[in-house]
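Structure file upload-v5.cif (mmCIF, C-alpha atoms) follows.
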data_input
loop_
_atom_site.group_PDB
_atom_site.id
_atom_site.type_symbol
_atom_site.label_atom_id
_atom_site.label_comp_id
_atom_site.auth_asym_id
_atom_site.auth_seq_id
_atom_site.Cartn_x
_atom_site.Cartn_y
_atom_site.Cartn_z
ATOM 1 C CA MET A 629 -104.179 62.474 -87.825
ATOM 2 C CA LYS A 630 -107.040 64.464 -89.367
ATOM 3 C CA HIS A 631 -107.964 68.084 -88.723
ATOM 4 C CA ILE A 632 -111.647 67.995 -87.790
ATOM 5 C CA VAL A 633 -113.942 70.964 -87.180
ATOM 6 C CA VAL A 634 -116.854 70.624 -84.743
ATOM 7 C CA THR A 635 -119.409 73.433 -84.541
ATOM 8 C CA GLY A 636 -121.471 73.584 -81.375
ATOM 9 C CA ALA A 637 -118.410 72.136 -79.647
ATOM 10 C CA ALA A 638 -119.402 73.266 -76.147
ATOM 11 C CA GLY A 639 -122.867 71.776 -76.429
ATOM 12 C CA PHE A 640 -124.044 68.374 -75.276
ATOM 13 C CA LEU A 641 -123.306 66.328 -78.403
ATOM 14 C CA GLY A 642 -120.455 68.540 -79.548
ATOM 15 C CA SER A 643 -118.411 68.197 -76.374
ATOM 16 C CA HIS A 644 -118.809 64.412 -76.327
ATOM 17 C CA LEU A 645 -117.771 64.243 -79.976
ATOM 18 C CA VAL A 646 -114.739 66.466 -79.386
ATOM 19 C CA GLN A 647 -113.532 64.261 -76.547
ATOM 20 C CA SER A 648 -113.993 61.121 -78.636
ATOM 21 C CA LEU A 649 -112.115 62.537 -81.640
ATOM 22 C CA ILE A 650 -109.211 63.788 -79.527
ATOM 23 C CA GLY A 651 -109.054 60.406 -77.826
ATOM 24 C CA GLN A 652 -108.545 58.900 -81.289
ATOM 25 C CA GLY A 653 -105.570 61.211 -81.904
ATOM 26 C CA HIS A 654 -107.136 63.791 -84.232
ATOM 27 C CA GLN A 655 -106.531 67.531 -84.258
ATOM 28 C CA VAL A 656 -109.864 69.195 -83.438
ATOM 29 C CA THR A 657 -111.004 72.792 -83.747
ATOM 30 C CA GLY A 658 -114.166 73.573 -81.826
ATOM 31 C CA ILE A 659 -116.446 76.528 -82.557
ATOM 32 C CA ASP A 660 -119.266 77.709 -80.305
ATOM 33 C CA ASN A 661 -120.845 81.082 -79.561
ATOM 34 C CA LEU A 662 -121.783 79.795 -76.078
ATOM 35 C CA SER A 663 -125.421 80.827 -76.467
ATOM 36 C CA THR A 664 -126.492 77.450 -75.096
ATOM 37 C CA GLY A 665 -123.176 75.590 -74.985
ATOM 38 C CA VAL A 666 -121.253 75.581 -71.701
ATOM 39 C CA ILE A 667 -117.490 75.971 -71.709
ATOM 40 C CA ARG A 668 -117.075 73.638 -68.723
ATOM 41 C CA ASN A 669 -118.226 70.809 -71.008
ATOM 42 C CA LEU A 670 -114.788 71.109 -72.626
ATOM 43 C CA ALA A 671 -112.791 71.377 -69.395
ATOM 44 C CA GLU A 672 -111.109 68.003 -69.931
ATOM 45 C CA VAL A 673 -109.697 68.967 -73.337
ATOM 46 C CA MET A 674 -109.043 72.714 -73.147
ATOM 47 C CA GLU A 675 -105.361 72.180 -72.317
ATOM 48 C CA ASN A 676 -104.906 69.343 -74.796
ATOM 49 C CA PRO A 677 -102.428 70.292 -77.562
ATOM 50 C CA HIS A 678 -104.680 68.601 -80.123
ATOM 51 C CA PHE A 679 -107.600 70.924 -79.385
ATOM 52 C CA VAL A 680 -108.225 74.577 -80.250
ATOM 53 C CA PHE A 681 -111.401 76.387 -79.220
ATOM 54 C CA HIS A 682 -112.828 79.516 -80.840
ATOM 55 C CA GLU A 683 -115.729 81.434 -79.366
ATOM 56 C CA ALA A 684 -117.330 82.381 -82.660
ATOM 57 C CA ASP A 685 -120.692 82.446 -84.413
ATOM 58 C CA VAL A 686 -120.960 80.382 -87.594
ATOM 59 C CA THR A 687 -123.765 82.608 -88.853
ATOM 60 C CA HIS A 688 -121.116 85.291 -89.421
ATOM 61 C CA PRO A 689 -118.971 84.802 -92.545
ATOM 62 C CA ASP A 690 -115.796 85.829 -90.696
ATOM 63 C CA ALA A 691 -115.996 82.522 -88.808
ATOM 64 C CA LEU A 692 -114.490 80.960 -91.940
ATOM 65 C CA ASP A 693 -111.405 83.189 -91.607
ATOM 66 C CA ILE A 694 -110.271 80.986 -88.725
ATOM 67 C CA PHE A 695 -109.329 78.329 -91.277
ATOM 68 C CA PHE A 696 -107.789 80.601 -93.939
ATOM 69 C CA ASP A 697 -104.388 78.879 -93.933
ATOM 70 C CA GLN A 698 -105.415 75.483 -92.521
ATOM 71 C CA GLN A 699 -106.245 72.162 -94.080
ATOM 72 C CA VAL A 700 -109.611 70.762 -92.978
ATOM 73 C CA HIS A 701 -110.530 67.103 -93.500
ATOM 74 C CA GLU A 702 -113.942 66.792 -91.842
ATOM 75 C CA ILE A 703 -116.665 69.116 -90.542
ATOM 76 C CA TYR A 704 -119.350 68.085 -88.051
ATOM 77 C CA HIS A 705 -121.949 70.868 -88.050
ATOM 78 C CA LEU A 706 -123.719 70.414 -84.710
ATOM 79 C CA ALA A 707 -124.295 74.069 -83.819
ATOM 80 C CA SER A 708 -127.905 74.825 -82.858
ATOM 81 C CA PRO A 709 -130.100 75.075 -79.784
ATOM 82 C CA ALA A 710 -131.804 71.687 -79.492
ATOM 83 C CA SER A 711 -134.330 71.871 -76.656
ATOM 84 C CA PRO A 712 -137.651 73.713 -77.039
ATOM 85 C CA LYS A 713 -136.789 75.854 -74.016
ATOM 86 C CA PHE A 714 -133.738 77.292 -75.744
ATOM 87 C CA TYR A 715 -134.725 77.334 -79.403
ATOM 88 C CA GLN A 716 -138.032 79.030 -78.667
ATOM 89 C CA ALA A 717 -136.195 81.647 -76.572
ATOM 90 C CA ASP A 718 -134.043 82.524 -79.610
ATOM 91 C CA ALA A 719 -136.189 81.559 -82.573
ATOM 92 C CA ILE A 720 -134.475 83.784 -85.144
ATOM 93 C CA GLY A 721 -131.005 82.730 -83.988
ATOM 94 C CA THR A 722 -132.088 79.099 -84.327
ATOM 95 C CA ILE A 723 -133.234 79.720 -87.885
ATOM 96 C CA TRP A 724 -129.979 81.481 -88.790
ATOM 97 C CA VAL A 725 -127.605 78.853 -87.395
ATOM 98 C CA ASN A 726 -129.356 76.059 -89.296
ATOM 99 C CA THR A 727 -129.567 78.001 -92.552
ATOM 100 C CA ARG A 728 -126.949 80.728 -92.824
ATOM 101 C CA GLY A 729 -124.600 78.825 -90.507
ATOM 102 C CA THR A 730 -125.057 75.643 -92.525
ATOM 103 C CA TYR A 731 -124.344 77.553 -95.736
ATOM 104 C CA HIS A 732 -121.095 78.953 -94.310
ATOM 105 C CA MET A 733 -119.903 75.560 -93.127
ATOM 106 C CA LEU A 734 -120.786 73.964 -96.464
ATOM 107 C CA GLU A 735 -118.772 76.701 -98.163
ATOM 108 C CA LEU A 736 -115.840 75.839 -95.916
ATOM 109 C CA ALA A 737 -116.226 72.177 -96.886
ATOM 110 C CA ARG A 738 -116.293 73.129 -100.577
ATOM 111 C CA VAL A 739 -113.199 75.326 -100.382
ATOM 112 C CA LYS A 740 -111.201 72.854 -98.299
ATOM 113 C CA GLY A 741 -112.454 69.665 -99.969
ATOM 114 C CA ALA A 742 -113.658 68.409 -96.591
ATOM 115 C CA LYS A 743 -116.300 65.852 -95.703
ATOM 116 C CA PHE A 744 -119.404 67.387 -94.139
ATOM 117 C CA LEU A 745 -121.928 65.955 -91.677
ATOM 118 C CA TYR A 746 -125.032 67.930 -90.768
ATOM 119 C CA SER A 747 -126.862 67.186 -87.533
ATOM 120 C CA SER A 748 -130.507 67.302 -88.493
ATOM 121 C CA THR A 749 -133.277 66.019 -86.256
ATOM 122 C CA SER A 750 -136.198 63.680 -85.879
ATOM 123 C CA GLU A 751 -138.230 66.896 -85.651
ATOM 124 C CA ALA A 752 -137.958 66.959 -89.451
ATOM 125 C CA TYR A 753 -140.803 64.401 -89.328
ATOM 126 C CA GLY A 754 -143.001 66.756 -87.264
ATOM 127 C CA ASP A 755 -146.039 65.095 -85.704
ATOM 128 C CA PRO A 756 -145.755 61.993 -87.903
ATOM 129 C CA GLU A 757 -148.615 60.259 -89.643
ATOM 130 C CA ILE A 758 -146.350 57.287 -90.454
ATOM 131 C CA HIS A 759 -144.977 55.241 -87.577
ATOM 132 C CA PRO A 760 -142.169 54.335 -87.110
ATOM 133 C CA GLN A 761 -140.383 56.908 -89.253
ATOM 134 C CA PRO A 762 -138.154 55.871 -92.191
ATOM 135 C CA GLU A 763 -135.899 58.417 -93.863
ATOM 136 C CA SER A 764 -138.167 58.374 -96.920
ATOM 137 C CA TYR A 765 -141.063 59.868 -94.924
ATOM 138 C CA ARG A 766 -141.474 63.558 -95.768
ATOM 139 C CA GLY A 767 -143.010 64.563 -92.482
ATOM 140 C CA ASN A 768 -146.006 66.441 -91.098
ATOM 141 C CA VAL A 769 -144.579 69.752 -89.927
ATOM 142 C CA ASN A 770 -146.463 72.901 -88.961
ATOM 143 C CA THR A 771 -144.776 76.017 -90.372
ATOM 144 C CA TRP A 772 -146.920 78.319 -88.212
ATOM 145 C CA GLY A 773 -146.193 77.410 -84.611
ATOM 146 C CA PRO A 774 -143.702 77.628 -81.749
ATOM 147 C CA ARG A 775 -141.610 74.638 -82.901
ATOM 148 C CA ALA A 776 -141.345 75.736 -86.533
ATOM 149 C CA CYS A 777 -138.201 77.819 -85.967
ATOM 150 C CA TYR A 778 -136.338 74.599 -85.207
ATOM 151 C CA ASP A 779 -138.204 72.023 -87.301
ATOM 152 C CA GLU A 780 -138.318 74.037 -90.500
ATOM 153 C CA ALA A 781 -134.831 75.499 -90.111
ATOM 154 C CA LYS A 782 -133.412 71.989 -89.826
ATOM 155 C CA ARG A 783 -135.365 70.938 -92.900
ATOM 156 C CA LEU A 784 -134.050 73.916 -94.867
ATOM 157 C CA GLY A 785 -130.554 73.048 -93.652
ATOM 158 C CA GLU A 786 -131.062 69.658 -95.283
ATOM 159 C CA VAL A 787 -131.936 71.445 -98.527
ATOM 160 C CA PHE A 788 -128.645 73.364 -98.416
ATOM 161 C CA CYS A 789 -126.898 70.002 -97.965
ATOM 162 C CA TYR A 790 -128.756 68.552 -100.953
ATOM 163 C CA GLU A 791 -127.767 71.468 -103.179
ATOM 164 C CA TYR A 792 -124.094 71.275 -102.220
ATOM 165 C CA TYR A 793 -124.048 67.518 -102.704
ATOM 166 C CA THR A 794 -125.764 67.555 -106.087
ATOM 167 C CA LYS A 795 -124.297 70.793 -107.508
ATOM 168 C CA GLN A 796 -120.880 71.060 -105.847
ATOM 169 C CA ARG A 797 -120.307 67.301 -105.465
ATOM 170 C CA ILE A 798 -118.866 67.551 -101.972
ATOM 171 C CA SER A 799 -119.161 64.695 -99.480
ATOM 172 C CA VAL A 800 -122.336 65.508 -97.538
ATOM 173 C CA LYS A 801 -124.188 63.386 -94.979
ATOM 174 C CA VAL A 802 -127.352 64.245 -93.034
ATOM 175 C CA ALA A 803 -127.957 62.604 -89.653
ATOM 176 C CA ARG A 804 -131.506 62.813 -88.336
ATOM 177 C CA ILE A 805 -130.849 62.520 -84.635
ATOM 178 C CA PHE A 806 -133.513 61.171 -82.280
ATOM 179 C CA ASN A 807 -133.729 62.025 -78.562
ATOM 180 C CA THR A 808 -130.235 61.663 -77.117
ATOM 181 C CA TYR A 809 -129.362 61.824 -73.426
ATOM 182 C CA SER A 810 -126.634 61.112 -70.875
ATOM 183 C CA SER A 811 -124.996 62.488 -67.786
ATOM 184 C CA GLY A 812 -123.634 65.397 -69.847
ATOM 185 C CA LEU A 813 -127.075 66.785 -70.712
ATOM 186 C CA ARG A 814 -127.718 70.115 -68.995
ATOM 187 C CA ASN A 815 -130.124 69.587 -66.115
ATOM 188 C CA ASP A 816 -131.832 72.917 -66.841
ATOM 189 C CA ASP A 817 -132.542 72.501 -70.541
ATOM 190 C CA GLY A 818 -136.131 71.326 -70.165
ATOM 191 C CA ARG A 819 -135.837 68.035 -72.027
ATOM 192 C CA VAL A 820 -137.530 64.865 -70.808
ATOM 193 C CA ILE A 821 -134.634 62.931 -69.265
ATOM 194 C CA SER A 822 -132.910 65.940 -67.705
ATOM 195 C CA ASN A 823 -136.219 67.194 -66.306
ATOM 196 C CA PHE A 824 -137.301 63.876 -64.823
ATOM 197 C CA VAL A 825 -133.941 62.976 -63.262
ATOM 198 C CA THR A 826 -133.397 66.425 -61.740
ATOM 199 C CA GLN A 827 -136.938 66.552 -60.387
ATOM 200 C CA ALA A 828 -136.719 63.049 -58.927
ATOM 201 C CA LEU A 829 -133.362 63.669 -57.240
ATOM 202 C CA THR A 830 -134.437 66.989 -55.728
ATOM 203 C CA GLY A 831 -137.841 65.798 -54.517
ATOM 204 C CA GLN A 832 -139.807 67.994 -56.911
ATOM 205 C CA ASP A 833 -142.926 66.814 -58.691
ATOM 206 C CA ILE A 834 -142.100 64.903 -61.891
ATOM 207 C CA THR A 835 -143.924 66.866 -64.577
ATOM 208 C CA VAL A 836 -145.509 64.908 -67.410
ATOM 209 C CA TYR A 837 -147.099 66.903 -70.226
ATOM 210 C CA GLY A 838 -150.463 65.699 -71.472
ATOM 211 C CA ASP A 839 -151.486 62.258 -70.237
ATOM 212 C CA GLY A 840 -148.013 60.808 -70.846
ATOM 213 C CA SER A 841 -149.162 58.480 -73.616
ATOM 214 C CA GLN A 842 -146.984 60.202 -76.226
ATOM 215 C CA THR A 843 -143.929 58.117 -77.091
ATOM 216 C CA ARG A 844 -140.233 58.781 -77.599
ATOM 217 C CA SER A 845 -137.150 56.715 -78.413
ATOM 218 C CA PHE A 846 -134.069 57.538 -76.334
ATOM 219 C CA CYS A 847 -130.496 56.987 -77.508
ATOM 220 C CA TYR A 848 -127.591 57.113 -75.062
ATOM 221 C CA VAL A 849 -124.935 59.607 -76.117
ATOM 222 C CA ASP A 850 -122.120 57.044 -76.516
ATOM 223 C CA ASP A 851 -124.197 55.184 -79.091
ATOM 224 C CA ASN A 852 -125.053 58.422 -80.868
ATOM 225 C CA ILE A 853 -121.427 59.586 -81.141
ATOM 226 C CA ARG A 854 -120.376 56.170 -82.412
ATOM 227 C CA GLY A 855 -123.112 56.402 -85.046
ATOM 228 C CA LEU A 856 -122.091 59.873 -86.211
ATOM 229 C CA GLN A 857 -118.469 58.813 -86.616
ATOM 230 C CA ALA A 858 -119.440 55.655 -88.492
ATOM 231 C CA PHE A 859 -121.558 57.829 -90.792
ATOM 232 C CA MET A 860 -118.692 60.249 -91.467
ATOM 233 C CA ALA A 861 -116.307 57.377 -92.197
ATOM 234 C CA GLU A 862 -118.524 55.540 -94.694
ATOM 235 C CA ASP A 863 -118.044 56.808 -98.258
ATOM 236 C CA ARG A 864 -121.040 54.774 -99.441
ATOM 237 C CA ALA A 865 -123.179 57.032 -97.239
ATOM 238 C CA ASP A 866 -122.343 60.209 -99.157
ATOM 239 C CA GLY A 867 -125.540 62.022 -100.104
ATOM 240 C CA GLU A 868 -127.616 59.988 -97.661
ATOM 241 C CA ILE A 869 -130.018 60.931 -94.890
ATOM 242 C CA ILE A 870 -129.778 58.397 -92.057
ATOM 243 C CA ASN A 871 -131.688 58.135 -88.788
ATOM 244 C CA ILE A 872 -129.420 57.937 -85.736
ATOM 245 C CA GLY A 873 -131.496 56.822 -82.767
ATOM 246 C CA ASN A 874 -132.681 53.917 -80.670
ATOM 247 C CA PRO A 875 -135.708 52.050 -82.099
ATOM 248 C CA MET A 876 -136.967 51.048 -78.635
ATOM 249 C CA GLU A 877 -140.081 53.104 -77.900
ATOM 250 C CA TYR A 878 -141.428 54.210 -74.504
ATOM 251 C CA THR A 879 -144.342 56.324 -73.379
ATOM 252 C CA ILE A 880 -143.349 59.419 -71.448
ATOM 253 C CA LEU A 881 -145.298 58.114 -68.460
ATOM 254 C CA GLU A 882 -143.286 54.867 -68.531
ATOM 255 C CA VAL A 883 -140.064 56.882 -68.463
ATOM 256 C CA ALA A 884 -141.304 58.999 -65.559
ATOM 257 C CA HIS A 885 -142.063 55.915 -63.468
ATOM 258 C CA LEU A 886 -138.759 54.259 -64.438
ATOM 259 C CA VAL A 887 -136.810 57.343 -63.318
ATOM 260 C CA LYS A 888 -138.810 57.454 -60.083
ATOM 261 C CA GLN A 889 -138.021 53.777 -59.485
ATOM 262 C CA LEU A 890 -134.300 54.018 -60.284
ATOM 263 C CA THR A 891 -133.801 57.110 -58.129
ATOM 264 C CA GLN A 892 -135.914 55.663 -55.299
ATOM 265 C CA SER A 893 -137.615 59.044 -55.218
ATOM 266 C CA ASP A 894 -140.699 60.084 -53.276
ATOM 267 C CA SER A 895 -141.577 62.613 -55.977
ATOM 268 C CA LYS A 896 -145.141 62.657 -57.252
ATOM 269 C CA VAL A 897 -145.895 62.335 -60.961
ATOM 270 C CA VAL A 898 -148.086 65.284 -61.969
ATOM 271 C CA PHE A 899 -149.662 66.216 -65.287
ATOM 272 C CA LEU A 900 -149.496 69.539 -67.139
ATOM 273 C CA PRO A 901 -151.084 70.700 -70.421
ATOM 274 C CA LEU A 902 -149.472 69.327 -73.580
ATOM 275 C CA PRO A 903 -147.450 71.979 -75.466
ATOM 276 C CA GLU A 904 -148.608 73.019 -78.938
ATOM 277 C CA ASP A 905 -147.450 70.734 -81.783
ATOM 278 C CA ASP A 906 -145.846 68.236 -79.392
ATOM 279 C CA PRO A 907 -145.428 65.014 -81.461
ATOM 280 C CA LYS A 908 -147.603 62.087 -80.361
ATOM 281 C CA VAL A 909 -145.147 59.378 -81.427
ATOM 282 C CA ARG A 910 -141.468 59.184 -82.293
ATOM 283 C CA ARG A 911 -139.498 56.090 -83.249
ATOM 284 C CA PRO A 912 -136.782 55.690 -85.895
ATOM 285 C CA VAL A 913 -136.444 53.039 -88.541
ATOM 286 C CA ILE A 914 -132.687 52.326 -88.482
ATOM 287 C CA ASP A 915 -132.406 49.807 -91.327
ATOM 288 C CA LYS A 916 -130.177 52.177 -93.329
ATOM 289 C CA ALA A 917 -127.847 52.679 -90.366
ATOM 290 C CA ARG A 918 -127.574 48.932 -89.875
ATOM 291 C CA GLU A 919 -126.949 48.229 -93.562
ATOM 292 C CA LEU A 920 -124.691 51.141 -94.537
ATOM 293 C CA LEU A 921 -122.923 51.889 -91.261
ATOM 294 C CA ASN A 922 -123.058 48.532 -89.477
ATOM 295 C CA TRP A 923 -124.381 50.533 -86.535
ATOM 296 C CA GLU A 924 -127.096 50.104 -83.967
ATOM 297 C CA PRO A 925 -127.434 51.194 -80.330
ATOM 298 C CA GLU A 926 -125.968 48.995 -77.608
ATOM 299 C CA ILE A 927 -127.007 50.763 -74.386
ATOM 300 C CA GLY A 928 -130.583 50.251 -73.213
ATOM 301 C CA LEU A 929 -132.666 52.902 -71.497
ATOM 302 C CA GLU A 930 -132.393 51.461 -67.996
ATOM 303 C CA GLU A 931 -128.588 51.215 -68.137
ATOM 304 C CA GLY A 932 -128.322 54.689 -69.650
ATOM 305 C CA LEU A 933 -130.601 56.134 -66.993
ATOM 306 C CA LYS A 934 -128.544 54.571 -64.206
ATOM 307 C CA ARG A 935 -125.414 56.275 -65.564
ATOM 308 C CA THR A 936 -127.246 59.558 -65.975
ATOM 309 C CA ILE A 937 -128.765 59.448 -62.487
ATOM 310 C CA GLU A 938 -125.428 58.776 -60.788
ATOM 311 C CA HIS A 939 -123.785 61.712 -62.549
ATOM 312 C CA TYR A 940 -126.643 64.106 -61.793
ATOM 313 C CA ARG A 941 -126.628 62.964 -58.172
ATOM 314 C CA SER A 942 -122.908 63.787 -57.966
ATOM 315 C CA MET A 943 -123.476 67.179 -59.613
ATOM 316 C CA LEU A 944 -126.231 68.081 -57.181
ATOM 317 C CA GLN A 945 -124.094 67.056 -54.186
ATOM 318 C CA VAL A 946 -121.296 69.311 -55.408
ATOM 319 C CA GLN A 947 -123.713 72.227 -55.803
ATOM 320 C CA GLU A 948 -124.911 71.745 -52.234
ATOM 321 C CA THR A 949 -121.403 71.917 -50.743
#
Written as structure tokens, that's how I'd like the structure from this file.
Amino acid sequence: MKHIVVTGAAGFLGSHLVQSLIGQGHQVTGIDNLSTGVIRNLAEVMENPHFVFHEADVTHPDALDIFFDQQVHEIYHLASPASPKFYQADAIGTIWVNTRGTYHMLELARVKGAKFLYSSTSEAYGDPEIHPQPESYRGNVNTWGPRACYDEAKRLGEVFCYEYYTKQRISVKVARIFNTYSSGLRNDDGRVISNFVTQALTGQDITVYGDGSQTRSFCYVDDNIRGLQAFMAEDRADGEIINIGNPMEYTILEVAHLVKQLTQSDSKVVFLPLPEDDPKVRRPVIDKARELLNWEPEIGLEEGLKRTIEHYRSMLQVQET
């Protein structure tokens, strides 16, 4: 049994990771300030003796005091707003959690001799001029715009990881995560899948930004969590940046029509202005993940959407009763 720390534990990815780790028999400590995380995401594990939850903010140094007399083996630093709706609403907080918060968690890893995995993002590539995106691509990111608080903070978080890996020689891994979804994604967070499914199931217009020709690659959460754990477990991946995502690429308009078809919805597809700095294309090169981690996604978009739709349908029925 390992003692594993997960920041952002009440968030979408964090809660799935916590459940997976506890299912494997590990002792898990979850940290979340609940700014965007939802405590009900952890309902299934809150009474589990192998889980401890702390409502705390990793941008504050006293968050490290939690572990003063504890051994820590691994740290998954997932804390951060991830959807434009939330990170733009708290831009400074988003910058702090990915910089100051990352520094504090790296310090914890240094003191405890723990392995450290940082959840970076495909947004590190910005609006890419190279397609698809390998980890060696340095990106095309605007520092003066509404997405910069997230994009640039994540990139600076990677720099902190580089410094601790090269100077302090701790085990550091950086996962650049591409669009992840599932039934556990909040249906009010404004991201593509959650928006489309909720709109289709409630008979609202399905809102596509721009003309829908921009592309994304969607990874089902089970595949993502499996990839993160494979990354943490592989010592050969120390000091590496690795894309974790599905290399199958879809236009946003294709996804809108697929959701409409799978939900058998009468919703209309409507078009709204494209947000500033919205990337035109997004698709990961996952050769490193295949070679170093023996990992690739297994769940296709249609199957993942069916699972997501059924869960959202159940959620909406409960809300109506």
Let me have the centre and edge lengths of the axis-aligned box enclosing all listed atoms of stretch 676-683 of chain A with 8 Å padding on every side, in Å to one decimal, as JSON.
{"center_x": -109.1, "center_y": 75.0, "center_z": -77.8, "size_x": 29.3, "size_y": 28.8, "size_z": 22.0}
Problem set entry | Hits of the PyMOL selection byres ((chain A and resi 653-668) around 6) in this structure, as a ChimeraX atom specification | /A:629-639,649-652,669-671,678-685
Residues as selected, C-alpha atoms, written as a JSON list (two decimals), in the coordinates of the input, can you do that?
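Ended up saving to selection32.json:
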[["chain", "number", "residue", "atom", "x", "y", "z"],
["A", 629, "MET", "CA", -104.18, 62.47, -87.82],
["A", 630, "LYS", "CA", -107.04, 64.46, -89.37],
["A", 631, "HIS", "CA", -107.96, 68.08, -88.72],
["A", 632, "ILE", "CA", -111.65, 68.00, -87.79],
["A", 633, "VAL", "CA", -113.94, 70.96, -87.18],
["A", 634, "VAL", "CA", -116.85, 70.62, -84.74],
["A", 635, "THR", "CA", -119.41, 73.43, -84.54],
["A", 636, "GLY", "CA", -121.47, 73.58, -81.38],
["A", 637, "ALA", "CA", -118.41, 72.14, -79.65],
["A", 638, "ALA", "CA", -119.40, 73.27, -76.15],
["A", 639, "GLY", "CA", -122.87, 71.78, -76.43],
["A", 649, "LEU", "CA", -112.12, 62.54, -81.64],
["A", 650, "ILE", "CA", -109.21, 63.79, -79.53],
["A", 651, "GLY", "CA", -109.05, 60.41, -77.83],
["A", 652, "GLN", "CA", -108.54, 58.90, -81.29],
["A", 669, "ASN", "CA", -118.23, 70.81, -71.01],
["A", 670, "LEU", "CA", -114.79, 71.11, -72.63],
["A", 671, "ALA", "CA", -112.79, 71.38, -69.40],
["A", 678, "HIS", "CA", -104.68, 68.60, -80.12],
["A", 679, "PHE", "CA", -107.60, 70.92, -79.39],
["A", 680, "VAL", "CA", -108.22, 74.58, -80.25],
["A", 681, "PHE", "CA", -111.40, 76.39, -79.22],
["A", 682, "HIS", "CA", -112.83, 79.52, -80.84],
["A", 683, "GLU", "CA", -115.73, 81.43, -79.37],
["A", 684, "ALA", "CA", -117.33, 82.38, -82.66],
["A", 685, "ASP", "CA", -120.69, 82.45, -84.41]]
For this session: Run the PyMOL selection byres ((chain A and resi 829) around 7) against the file shown and list the residues it catches, as a ChimeraX atom specification.
Result: /A:825-828,830-831,891,893,941
Which residues of stretch 843-919 of chain A sit at most 7 Å from stretch 781-804 of chain A, using all atoms listed in the file? Give each one's shortest atom pair and distance in Å (one decimal place), in chain and ascending residue order, as a tab-separated table.
residue	atom	partner	partner_atom	distance
A:Ala865	CA	A:Lys801	CA	6.8
A:Asp866	CA	A:Ser799	CA	5.5
A:Gly867	CA	A:Val800	CA	5.4
A:Glu868	CA	A:Lys801	CA	5.5
A:Ile869	CA	A:Val802	CA	4.6
A:Ile870	CA	A:Ala803	CA	5.2
A:Asn871	CA	A:Arg804	CA	4.7
A:Ile872	CA	A:Arg804	CA	5.9
For this session: Find the residues around stretch 717-731 of chain A up to 9 Å (all atoms listed in the file counted), leave out those fewer than 4 positions away in its own chain, and share them as number ranges by chain.
Result: A: 685-689, 705, 707-710, 712-713, 735-736, 746, 748, 774-778, 780-786, 788-789
Please produce a file of the residues just selected, as a compact mmCIF listing (two decimals), keeping the file's coordinate frame, where the atoms kept are C-alpha atoms.
# COMPACT_ATOMS: atom_id res chain seq x y z
CA ASP A 685 -120.69 82.45 -84.41
CA VAL A 686 -120.96 80.38 -87.59
CA THR A 687 -123.76 82.61 -88.85
CA HIS A 688 -121.12 85.29 -89.42
CA PRO A 689 -118.97 84.80 -92.54
CA HIS A 705 -121.95 70.87 -88.05
CA ALA A 707 -124.30 74.07 -83.82
CA SER A 708 -127.90 74.82 -82.86
CA PRO A 709 -130.10 75.08 -79.78
CA ALA A 710 -131.80 71.69 -79.49
CA PRO A 712 -137.65 73.71 -77.04
CA LYS A 713 -136.79 75.85 -74.02
CA GLU A 735 -118.77 76.70 -98.16
CA LEU A 736 -115.84 75.84 -95.92
CA TYR A 746 -125.03 67.93 -90.77
CA SER A 748 -130.51 67.30 -88.49
CA PRO A 774 -143.70 77.63 -81.75
CA ARG A 775 -141.61 74.64 -82.90
CA ALA A 776 -141.34 75.74 -86.53
CA CYS A 777 -138.20 77.82 -85.97
CA TYR A 778 -136.34 74.60 -85.21
CA GLU A 780 -138.32 74.04 -90.50
CA ALA A 781 -134.83 75.50 -90.11
CA LYS A 782 -133.41 71.99 -89.83
CA ARG A 783 -135.36 70.94 -92.90
CA LEU A 784 -134.05 73.92 -94.87
CA GLY A 785 -130.55 73.05 -93.65
CA GLU A 786 -131.06 69.66 -95.28
CA PHE A 788 -128.65 73.36 -98.42
CA CYS A 789 -126.90 70.00 -97.96
Could you produce a table of the residues of stretch 764-795 of chain A lying within 12 Å of stretch 897-918 of chain A, with the nearest pair of atoms per residue and their separation in Å rounded to one decimal, using only C-alpha atoms, ordered by chain and increasing residue number, as JSON lines?
{"residue": "A:Ser764", "atom": "CA", "partner": "A:Val913", "partner_atom": "CA", "distance": 10.1}
{"residue": "A:Tyr765", "atom": "CA", "partner": "A:Val913", "partner_atom": "CA", "distance": 10.4}
{"residue": "A:Gly767", "atom": "CA", "partner": "A:Pro907", "partner_atom": "CA", "distance": 11.3}
{"residue": "A:Asn768", "atom": "CA", "partner": "A:Pro907", "partner_atom": "CA", "distance": 9.8}
{"residue": "A:Val769", "atom": "CA", "partner": "A:Asp905", "partner_atom": "CA", "distance": 8.7}
{"residue": "A:Asn770", "atom": "CA", "partner": "A:Asp905", "partner_atom": "CA", "distance": 7.6}
{"residue": "A:Thr771", "atom": "CA", "partner": "A:Asp905", "partner_atom": "CA", "distance": 10.4}
{"residue": "A:Trp772", "atom": "CA", "partner": "A:Asp905", "partner_atom": "CA", "distance": 10.0}
{"residue": "A:Gly773", "atom": "CA", "partner": "A:Asp905", "partner_atom": "CA", "distance": 7.4}
{"residue": "A:Pro774", "atom": "CA", "partner": "A:Glu904", "partner_atom": "CA", "distance": 7.3}
{"residue": "A:Arg775", "atom": "CA", "partner": "A:Asp905", "partner_atom": "CA", "distance": 7.1}
{"residue": "A:Ala776", "atom": "CA", "partner": "A:Asp905", "partner_atom": "CA", "distance": 9.2}
{"residue": "A:Asp779", "atom": "CA", "partner": "A:Asp905", "partner_atom": "CA", "distance": 10.8}
Exercise. Residues picked by the PyMOL selection byres ((chain A and resi 702) around 7) here, as an MDAnalysis selection string?
Worked result: chainID A and resid 631:633 700:701 703:704 742:744
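Residues within 8 Å of A:Pro925, counting all atoms listed in the file and excluding same-chain residues fewer than 5 positions away, are A:Cys847, A:Tyr848, A:Asp851, A:Asn852, A:Gly873, A:Asn874.
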